[in-house]
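Novice: Dropping in query_32.txt, which is compact mmCIF, C-alpha atoms:
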```txt
# COMPACT_ATOMS: atom_id res chain seq x y z
CA MET J 730 102.35 19.15 117.82
CA ASN J 731 105.27 17.08 119.13
CA LYS J 732 108.56 16.60 117.30
CA LYS J 733 107.52 13.31 115.71
CA GLU J 734 104.31 14.86 114.36
CA LEU J 735 106.14 17.95 113.18
CA LEU J 736 108.80 15.95 111.31
CA ALA J 737 106.12 13.81 109.67
CA THR J 738 104.20 16.91 108.58
CA LEU J 739 107.34 18.54 107.23
CA GLU J 740 108.10 15.39 105.24
CA THR J 741 104.56 15.22 103.87
CA PHE J 742 104.81 18.77 102.59
CA GLY J 743 108.40 18.37 101.40
CA MET J 744 109.50 21.17 103.70
CA ARG J 745 112.62 22.12 105.53
CA PRO J 746 112.38 24.95 108.06
CA GLY J 747 113.69 28.06 106.36
CA LYS J 748 116.61 29.68 108.16
CA ARG J 749 116.15 32.76 105.98
CA LEU J 750 112.55 32.99 107.20
CA GLY J 751 113.52 32.51 110.84
CA GLN J 752 111.28 29.45 111.15
CA ASN J 753 111.59 27.73 114.54
CA PHE J 754 108.52 25.65 115.29
CA LEU J 755 107.32 25.39 118.90
CA LEU J 756 107.25 21.81 120.23
CA ASP J 757 106.66 22.20 123.97
CA GLY J 758 103.01 21.71 124.90
CA ASN J 759 103.51 23.04 128.43
CA LEU J 760 104.98 26.26 127.11
CA LEU J 761 102.17 26.57 124.59
CA ASP J 762 99.62 26.16 127.40
CA PHE J 763 101.46 28.82 129.41
CA ILE J 764 101.35 31.27 126.47
CA VAL J 765 97.63 30.68 125.97
CA ARG J 766 96.92 31.14 129.69
CA SER J 767 98.99 34.34 129.68
CA ALA J 768 97.11 35.59 126.62
CA ALA J 769 93.70 34.66 128.06
CA PRO J 770 91.95 34.99 124.69
CA ALA J 771 88.31 36.06 124.86
CA ALA J 772 85.39 35.17 122.65
CA ALA J 773 84.94 37.52 119.67
CA GLU J 774 88.10 39.52 120.35
CA ILE J 775 90.36 40.30 117.40
CA ILE J 776 93.88 38.86 117.45
CA LEU J 777 96.60 39.48 114.90
CA GLU J 778 99.11 36.64 114.49
CA ALA J 779 102.24 36.91 112.34
CA GLY J 780 103.91 33.65 111.30
CA PRO J 781 101.32 31.10 112.49
CA GLY J 782 103.39 28.21 111.10
CA PHE J 783 101.43 25.00 111.53
CA GLY J 784 98.85 26.73 113.72
CA VAL J 785 99.80 25.37 117.13
CA LEU J 786 99.02 28.72 118.75
CA THR J 787 96.28 29.60 116.28
CA ARG J 788 94.09 26.65 117.22
CA PRO J 789 93.74 27.38 120.97
CA LEU J 790 93.10 31.05 120.19
CA LEU J 791 90.29 29.99 117.86
CA ALA J 792 89.02 27.44 120.40
CA ALA J 793 88.53 30.32 122.84
CA GLY J 794 86.31 32.02 120.26
CA ALA J 795 88.74 34.71 119.13
CA GLU J 796 88.79 36.09 115.59
CA VAL J 797 92.33 35.36 114.39
CA TYR J 798 93.81 37.37 111.52
CA ALA J 799 97.00 35.56 110.54
CA ILE J 800 99.76 36.52 108.10
CA GLU J 801 101.98 33.76 106.74
CA PHE J 802 104.75 34.23 104.18
CA ASP J 803 105.46 30.57 103.36
CA ARG J 804 103.02 29.41 100.68
CA ARG J 805 103.39 25.76 101.77
CA LEU J 806 102.33 26.63 105.30
CA CYS J 807 99.43 28.64 103.88
CA ALA J 808 98.30 25.56 101.96
CA TYR J 809 98.50 23.50 105.15
CA LEU J 810 96.55 26.06 107.19
CA ARG J 811 93.81 26.40 104.59
CA ASP J 812 93.46 22.62 104.50
CA GLN J 813 93.58 22.00 108.23
CA ILE J 814 91.83 24.97 109.84
CA LYS J 815 88.23 25.40 108.75
CA SER J 816 87.01 27.78 111.45
CA PRO J 817 85.02 30.77 110.13
CA ASN J 818 86.92 32.84 112.71
CA PHE J 819 90.23 32.17 110.95
CA HIS J 820 91.30 34.78 108.41
CA LEU J 821 94.56 34.00 106.60
CA THR J 822 96.56 36.42 104.49
CA GLU J 823 99.46 35.07 102.45
CA GLY J 824 102.28 37.59 102.32
CA ASP J 825 105.03 39.42 104.14
CA ALA J 826 103.94 40.76 107.53
CA CYS J 827 106.63 43.42 107.23
CA ARG J 828 105.12 44.81 104.01
CA ILE J 829 101.38 44.20 104.09
CA ASP J 830 99.16 47.13 104.99
CA LEU J 831 97.96 45.85 108.35
CA THR J 832 94.99 48.19 108.40
CA SER J 833 93.73 46.59 105.19
CA ILE J 834 93.39 43.11 106.71
CA LEU J 835 92.02 44.04 110.14
CA PRO J 836 88.41 45.13 110.72
CA ALA J 837 88.23 48.91 110.47
CA GLY J 838 87.91 50.77 113.74
CA LYS J 839 88.16 47.65 115.92
CA LYS J 840 90.57 47.25 118.81
CA PHE J 841 92.86 44.24 118.68
CA ARG J 842 95.77 42.43 120.28
CA ALA J 843 98.84 40.91 118.61
CA ILE J 844 99.91 37.46 119.84
CA ALA J 845 102.52 35.33 118.09
CA ASN J 846 105.59 33.16 118.11
CA LEU J 847 107.38 35.69 115.94
CA PRO J 848 109.94 34.51 113.38
CA TYR J 849 113.29 35.98 114.41
CA SER J 850 113.82 37.42 110.94
CA VAL J 851 110.79 39.74 111.13
CA SER J 852 110.42 40.56 114.82
CA SER J 853 111.97 44.02 114.99
CA ILE J 854 110.44 45.27 111.74
CA PHE J 855 107.02 43.88 112.59
CA ILE J 856 107.00 45.40 116.07
CA VAL J 857 107.99 48.78 114.65
CA ARG J 858 105.14 48.52 112.13
CA LEU J 859 102.71 47.95 115.00
CA LEU J 860 104.12 50.92 116.89
CA GLU J 861 103.55 53.07 113.80
CA LEU J 862 99.88 52.20 113.39
CA PRO J 863 97.45 55.07 114.00
CA ALA J 864 95.67 52.75 116.45
CA PRO J 865 98.28 50.30 117.77
CA PRO J 866 97.26 47.03 119.48
CA LEU J 867 95.97 47.07 123.04
CA GLN J 868 98.55 44.45 123.89
CA MET J 869 101.35 42.49 122.29
CA LEU J 870 102.38 39.09 123.60
CA PHE J 871 105.32 37.75 121.65
CA LEU J 872 107.68 34.83 121.85
CA LEU J 873 110.87 36.15 120.30
CA GLN J 874 114.64 36.23 120.51
CA ARG J 875 115.75 37.08 124.05
CA GLU J 876 118.02 39.84 122.79
CA MET J 877 115.00 41.54 121.21
CA ALA J 878 112.97 41.20 124.41
CA GLU J 879 115.83 42.79 126.37
CA ARG J 880 115.97 45.70 123.92
CA LEU J 881 112.25 46.31 124.27
CA ALA J 882 112.40 46.33 128.07
CA ALA J 883 115.78 48.04 128.52
CA ALA J 884 116.24 50.82 131.05
CA PRO J 885 118.10 54.07 130.30
CA ASP J 886 121.90 54.07 130.48
CA THR J 887 122.22 50.37 129.66
CA LYS J 888 123.76 48.74 126.60
CA ASP J 889 120.40 47.42 125.33
CA TYR J 890 118.59 50.76 125.61
CA GLY J 891 118.05 52.30 122.19
CA SER J 892 115.55 53.79 119.77
CA LEU J 893 113.30 50.71 119.87
CA SER J 894 113.26 50.81 123.69
CA VAL J 895 112.14 54.43 123.69
CA ARG J 896 109.52 54.00 120.99
CA ALA J 897 108.03 50.89 122.59
CA GLN J 898 108.02 52.27 126.14
CA GLN J 899 106.50 55.56 125.00
CA LEU J 900 103.31 53.60 124.32
CA TYR J 901 103.60 50.38 126.31
CA ALA J 902 104.46 48.97 129.70
CA VAL J 903 106.94 46.26 128.73
CA ARG J 904 107.24 43.14 130.88
CA PRO J 905 109.52 40.17 130.19
CA VAL J 906 107.38 37.19 131.18
CA ARG J 907 109.56 34.12 130.79
CA ARG J 908 112.90 33.01 129.42
CA VAL J 909 112.65 30.16 126.92
CA PRO J 910 115.47 27.68 126.11
CA PRO J 911 116.36 26.59 122.55
CA GLU J 912 115.30 22.96 123.01
CA VAL J 913 111.57 23.75 122.89
CA PHE J 914 111.89 24.53 119.16
CA HIS J 915 112.68 22.66 115.98
CA PRO J 916 115.13 23.43 114.64
CA ARG J 917 116.87 24.67 117.76
CA PRO J 918 117.90 28.32 117.49
CA GLN J 919 121.41 29.29 118.52
CA VAL J 920 120.10 31.68 121.17
CA ASP J 921 117.56 31.76 123.99
CA SER J 922 114.10 33.14 123.42
CA ALA J 923 111.75 35.04 125.71
CA LEU J 924 108.06 35.66 126.11
CA VAL J 925 107.44 39.40 126.43
CA GLU J 926 104.25 41.33 127.12
CA LEU J 927 103.62 44.91 126.02
CA THR J 928 100.48 46.53 127.44
CA LEU J 929 99.25 49.83 126.06
CA ARG J 930 99.65 52.61 128.61
CA GLN J 931 96.48 54.29 129.79
CA ASP J 932 98.06 56.75 132.25
CA ALA J 933 99.06 59.73 130.10
CA GLY J 934 96.92 59.06 127.04
CA LEU J 935 98.15 57.92 123.66
CA PRO J 936 100.47 60.40 121.89
CA ASP J 937 98.99 61.35 118.55
CA PHE J 938 100.28 59.84 115.35
CA ASP J 939 102.34 62.89 114.31
CA ARG J 940 104.02 63.14 117.72
CA ARG J 941 104.96 59.46 117.63
CA ARG J 942 106.41 59.91 114.15
CA GLN J 943 108.40 62.92 115.36
CA LEU J 944 109.76 61.05 118.38
CA SER J 945 110.81 58.27 116.02
CA GLU J 946 112.89 60.75 114.01
CA VAL J 947 114.49 62.18 117.15
CA VAL J 948 115.52 58.82 118.59
CA LYS J 949 116.73 57.50 115.23
CA THR J 950 119.01 60.53 114.98
CA ALA J 951 120.13 60.14 118.59
CA PHE J 952 120.97 56.45 118.59
CA ALA J 953 122.56 56.38 115.15
CA GLN J 954 125.72 57.51 116.98
CA ARG J 955 124.95 56.62 120.57
CA ARG J 956 128.42 57.37 121.96
CA LYS J 957 128.43 60.98 120.82
CA GLN J 958 127.01 63.94 122.71
CA LEU J 959 123.28 64.19 122.07
CA PHE J 960 123.31 67.99 121.76
CA ARG J 961 125.65 67.89 118.78
CA LEU J 962 123.74 65.08 117.07
CA LEU J 963 120.42 66.89 117.28
CA ALA J 964 121.83 70.35 116.54
CA ALA J 965 123.09 69.04 113.20
CA VAL J 966 119.48 68.18 112.25
CA TYR J 967 117.25 70.61 114.14
CA GLY J 968 119.56 73.61 114.40
CA GLN J 969 121.77 74.93 117.15
CA GLU J 970 119.33 77.47 118.62
CA PRO J 971 116.20 75.25 118.93
CA VAL J 972 118.28 72.53 120.55
CA ARG J 973 119.95 75.01 122.92
CA GLN J 974 116.54 76.32 124.01
CA ALA J 975 115.26 72.78 124.56
CA TRP J 976 118.36 71.95 126.61
CA GLU J 977 117.79 75.00 128.82
CA GLN J 978 114.13 74.19 129.43
CA LEU J 979 114.85 70.56 130.27
CA ARG J 980 118.03 71.43 132.20
CA LEU J 981 120.09 68.86 130.38
CA SER J 982 123.85 68.56 130.58
CA PRO J 983 125.67 69.58 127.37
CA GLU J 984 127.66 66.32 127.63
CA ILE J 985 124.68 63.98 127.95
CA ARG J 986 124.72 60.92 125.68
CA PRO J 987 121.67 59.43 123.91
CA ALA J 988 121.28 56.45 126.26
CA GLU J 989 121.14 58.69 129.35
CA LEU J 990 117.76 60.28 128.57
CA THR J 991 114.61 58.65 129.89
CA VAL J 992 111.60 57.89 127.71
CA GLY J 993 109.76 60.82 129.28
CA GLN J 994 112.65 63.17 128.57
CA TYR J 995 112.68 62.10 124.93
CA GLY J 996 108.97 62.84 124.75
CA ASN J 997 109.45 66.31 126.22
CA LEU J 998 112.44 66.97 123.98
CA THR J 999 110.44 66.00 120.90
CA GLU J 1000 107.63 68.40 121.83
CA LEU J 1001 110.08 71.26 122.23
CA LEU J 1002 111.96 70.55 118.99
CA TYR J 1003 108.76 70.41 116.97
CA ALA J 1004 106.88 73.20 118.75
CA GLY J 1005 105.54 75.67 116.20
CA SER J 1006 106.80 73.68 113.20
CA ALA J 1007 104.60 73.08 110.20
CA ASP J 1008 104.11 69.42 111.14
CA GLY J 1009 104.24 69.87 114.89
```
Could you write out this file's structure as structure tokens?
Specialist:
Amino acid sequence: MNKKELLATLETFGMRPGKRLGQNFLLDGNLLDFIVRSAAPAAAEIILEAGPGFGVLTRPLLAAGAEVYAIEFDRRLCAYLRDQIKSPNFHLTEGDACRIDLTSILPAGKKFRAIANLPYSVSSIFIVRLLELPAPPLQMLFLLQREMAERLAAAPDTKDYGSLSVRAQQLYAVRPVRRVPPEVFHPRPQVDSALVELTLRQDAGLPDFDRRRQLSEVVKTAFAQRRKQLFRLLAAVYGQEPVRQAWEQLRLSPEIRPAELTVGQYGNLTELLYAGSADG
């Protein structure tokens, strides 16, 4: 869909892109082709798409034979999609992707990928929701705000490294694929975007659901005050003695700050802090 077609469609439906909803519609056909080639959708595979908009990405995914489960908040876009896309492989849910029980709309027990041009307003919350699933997606391929992509891929001891970095990299190998300029969207966002790929790690096995939840609590506590000493932050929650013992086993400096620990160290620290606990 080029800009002329998009503007005509918006006028037909009496729509203006919602800034509150983070709606920036993709116009660049070459970029769309690149995303589809990068995704390499396969026949009969299950793909979750949040914010399909006018379906410019949805259609090539369906054309490849994929089963697309889409979530769209805007009722006008839902009306358009129901009218324009008749494929039996298209499953549309109207609602908020940040609130809907994702397990209730996806086929039970089936592996899936998540591929989307994510609205800026939902990207961080939606990604966290995927990370918190008992069976998270095999892969995520998202077009999103460049700042968010940098947070996901950030290395330790950098300004972008935080709780989301640790939680994402605990499960996924994160790879920034391509930087995307504002002019490929309508309306143009005020910032650059990026295509980022997250591939589920197979090396050390998937941490169980409880351990992932526990690591989430540890890193939320740590990065809530990222400039303070990590020992003091965690001791205030988990107790002085358990944290001291963990520090000794991991040979950590008493002065270490939250951003200085690697993802692996956070995993080990979480295991030690929750060892022997009722929910550990």
Novice: Tell me which residues come within 9 Å of (98.0, 49.4, 118.8), as a PyMOL selection string, counting all atoms listed in the file in the file's coordinates.
Specialist: chain J and resi 840-843+859-869+900+929
Novice: Restricting the output to C-alpha atoms, write the selected residues as a PDB file, in the coordinates of the input.
Specialist:
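Final output, result.pdb:
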```pdb
ATOM      1  CA  LYS J 840      90.570  47.250 118.810  1.00  0.00           C
ATOM      2  CA  PHE J 841      92.860  44.240 118.680  1.00  0.00           C
ATOM      3  CA  ARG J 842      95.770  42.430 120.280  1.00  0.00           C
ATOM      4  CA  ALA J 843      98.840  40.910 118.610  1.00  0.00           C
ATOM      5  CA  LEU J 859     102.710  47.950 115.000  1.00  0.00           C
ATOM      6  CA  LEU J 860     104.120  50.920 116.890  1.00  0.00           C
ATOM      7  CA  GLU J 861     103.550  53.070 113.800  1.00  0.00           C
ATOM      8  CA  LEU J 862      99.880  52.200 113.390  1.00  0.00           C
ATOM      9  CA  PRO J 863      97.450  55.070 114.000  1.00  0.00           C
ATOM     10  CA  ALA J 864      95.670  52.750 116.450  1.00  0.00           C
ATOM     11  CA  PRO J 865      98.280  50.300 117.770  1.00  0.00           C
ATOM     12  CA  PRO J 866      97.260  47.030 119.480  1.00  0.00           C
ATOM     13  CA  LEU J 867      95.970  47.070 123.040  1.00  0.00           C
ATOM     14  CA  GLN J 868      98.550  44.450 123.890  1.00  0.00           C
ATOM     15  CA  MET J 869     101.350  42.490 122.290  1.00  0.00           C
ATOM     16  CA  LEU J 900     103.310  53.600 124.320  1.00  0.00           C
ATOM     17  CA  LEU J 929      99.250  49.830 126.060  1.00  0.00           C
TER      18      LEU J 929
END
```
Novice: Would you list the residues near (110.0, 41.1, 116.5), meaning any protein, DNA or RNA residue with an atom at most 9 Å from that point in file coordinates, counting all atoms listed in the file, as a list in words?
Specialist: Leu847, Pro848, Tyr849, Ser850, Val851, Ser852, Ser853, Ile854, Phe855, Ile856, Val857, Phe871, Leu872, Leu873, Gln874, Met877 and Ala878 of chain J
Novice: From the options J:Arg896, J:Ala988, J:Ala884, J:Ala826, which residue's atoms come nearest to Gln954 in chain J, counting all atoms listed in the file?
Specialist: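 Result for the nearest residue to Gln954 in chain J: J:Ala988.
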Novice: Write out as a PyMOL selection string each polymer residue whose atoms come within 12 Å of Glu879 in chain J, counting only C-alpha atoms; drop sequence neighbours fewer than 2 positions from it.
Specialist: chain J and resi 873-877+881-884+887-891+893-894+897+903-908+921-926
Novice: Residues as selected, C-alpha atoms, written as a compact mmCIF listing (two decimals), in the coordinates of the input, can you do that?
Specialist:
```txt
# COMPACT_ATOMS: atom_id res chain seq x y z
CA LEU J 873 110.87 36.15 120.30
CA GLN J 874 114.64 36.23 120.51
CA ARG J 875 115.75 37.08 124.05
CA GLU J 876 118.02 39.84 122.79
CA MET J 877 115.00 41.54 121.21
CA LEU J 881 112.25 46.31 124.27
CA ALA J 882 112.40 46.33 128.07
CA ALA J 883 115.78 48.04 128.52
CA ALA J 884 116.24 50.82 131.05
CA THR J 887 122.22 50.37 129.66
CA LYS J 888 123.76 48.74 126.60
CA ASP J 889 120.40 47.42 125.33
CA TYR J 890 118.59 50.76 125.61
CA GLY J 891 118.05 52.30 122.19
CA LEU J 893 113.30 50.71 119.87
CA SER J 894 113.26 50.81 123.69
CA ALA J 897 108.03 50.89 122.59
CA VAL J 903 106.94 46.26 128.73
CA ARG J 904 107.24 43.14 130.88
CA PRO J 905 109.52 40.17 130.19
CA VAL J 906 107.38 37.19 131.18
CA ARG J 907 109.56 34.12 130.79
CA ARG J 908 112.90 33.01 129.42
CA ASP J 921 117.56 31.76 123.99
CA SER J 922 114.10 33.14 123.42
CA ALA J 923 111.75 35.04 125.71
CA LEU J 924 108.06 35.66 126.11
CA VAL J 925 107.44 39.40 126.43
CA GLU J 926 104.25 41.33 127.12
```
Novice: Quick check, in Å to one decimal: how far apart do CA of Asp803 in chain J and CA of Thr822 in chain J lie?
Specialist: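 Computed distance, CA of Asp803 in chain J to CA of Thr822 in chain J, equals 10.7 Å.
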Novice: What is the CA of Arg880 in chain J-CA of Glu989 in chain J distance in Å, reported with one decimal?
Specialist: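 Spanning CA of Arg880 in chain J to CA of Glu989 in chain J is a straight-line distance of 15.0 Å.
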Novice: Do you have the CA of Gly968 in chain J-CA of Leu1002 in chain J distance handy?
Specialist: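 Computing the Euclidean distance for CA of Gly968 in chain J and CA of Leu1002 in chain J yields 9.4 Å.
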Novice: Could you list, as a list of chain:residue names, every residue within 7 Å of range 785-800 of chain J, counting all atoms listed in the file and ignoring same-chain residues fewer than 4 positions away?
Specialist: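 In the requested format, the answer is J:Met730, J:Leu761, J:Pro770, J:Ala771, J:Ala772, J:Ala773, J:Glu774, J:Ile775, J:Ile776, J:Leu777, J:Glu778, J:Ala779, J:Gly780, J:Pro781, J:Asn818, J:Phe819, J:His820, J:Leu821, J:Thr822, J:Glu823, J:Gly824, J:Ala826.
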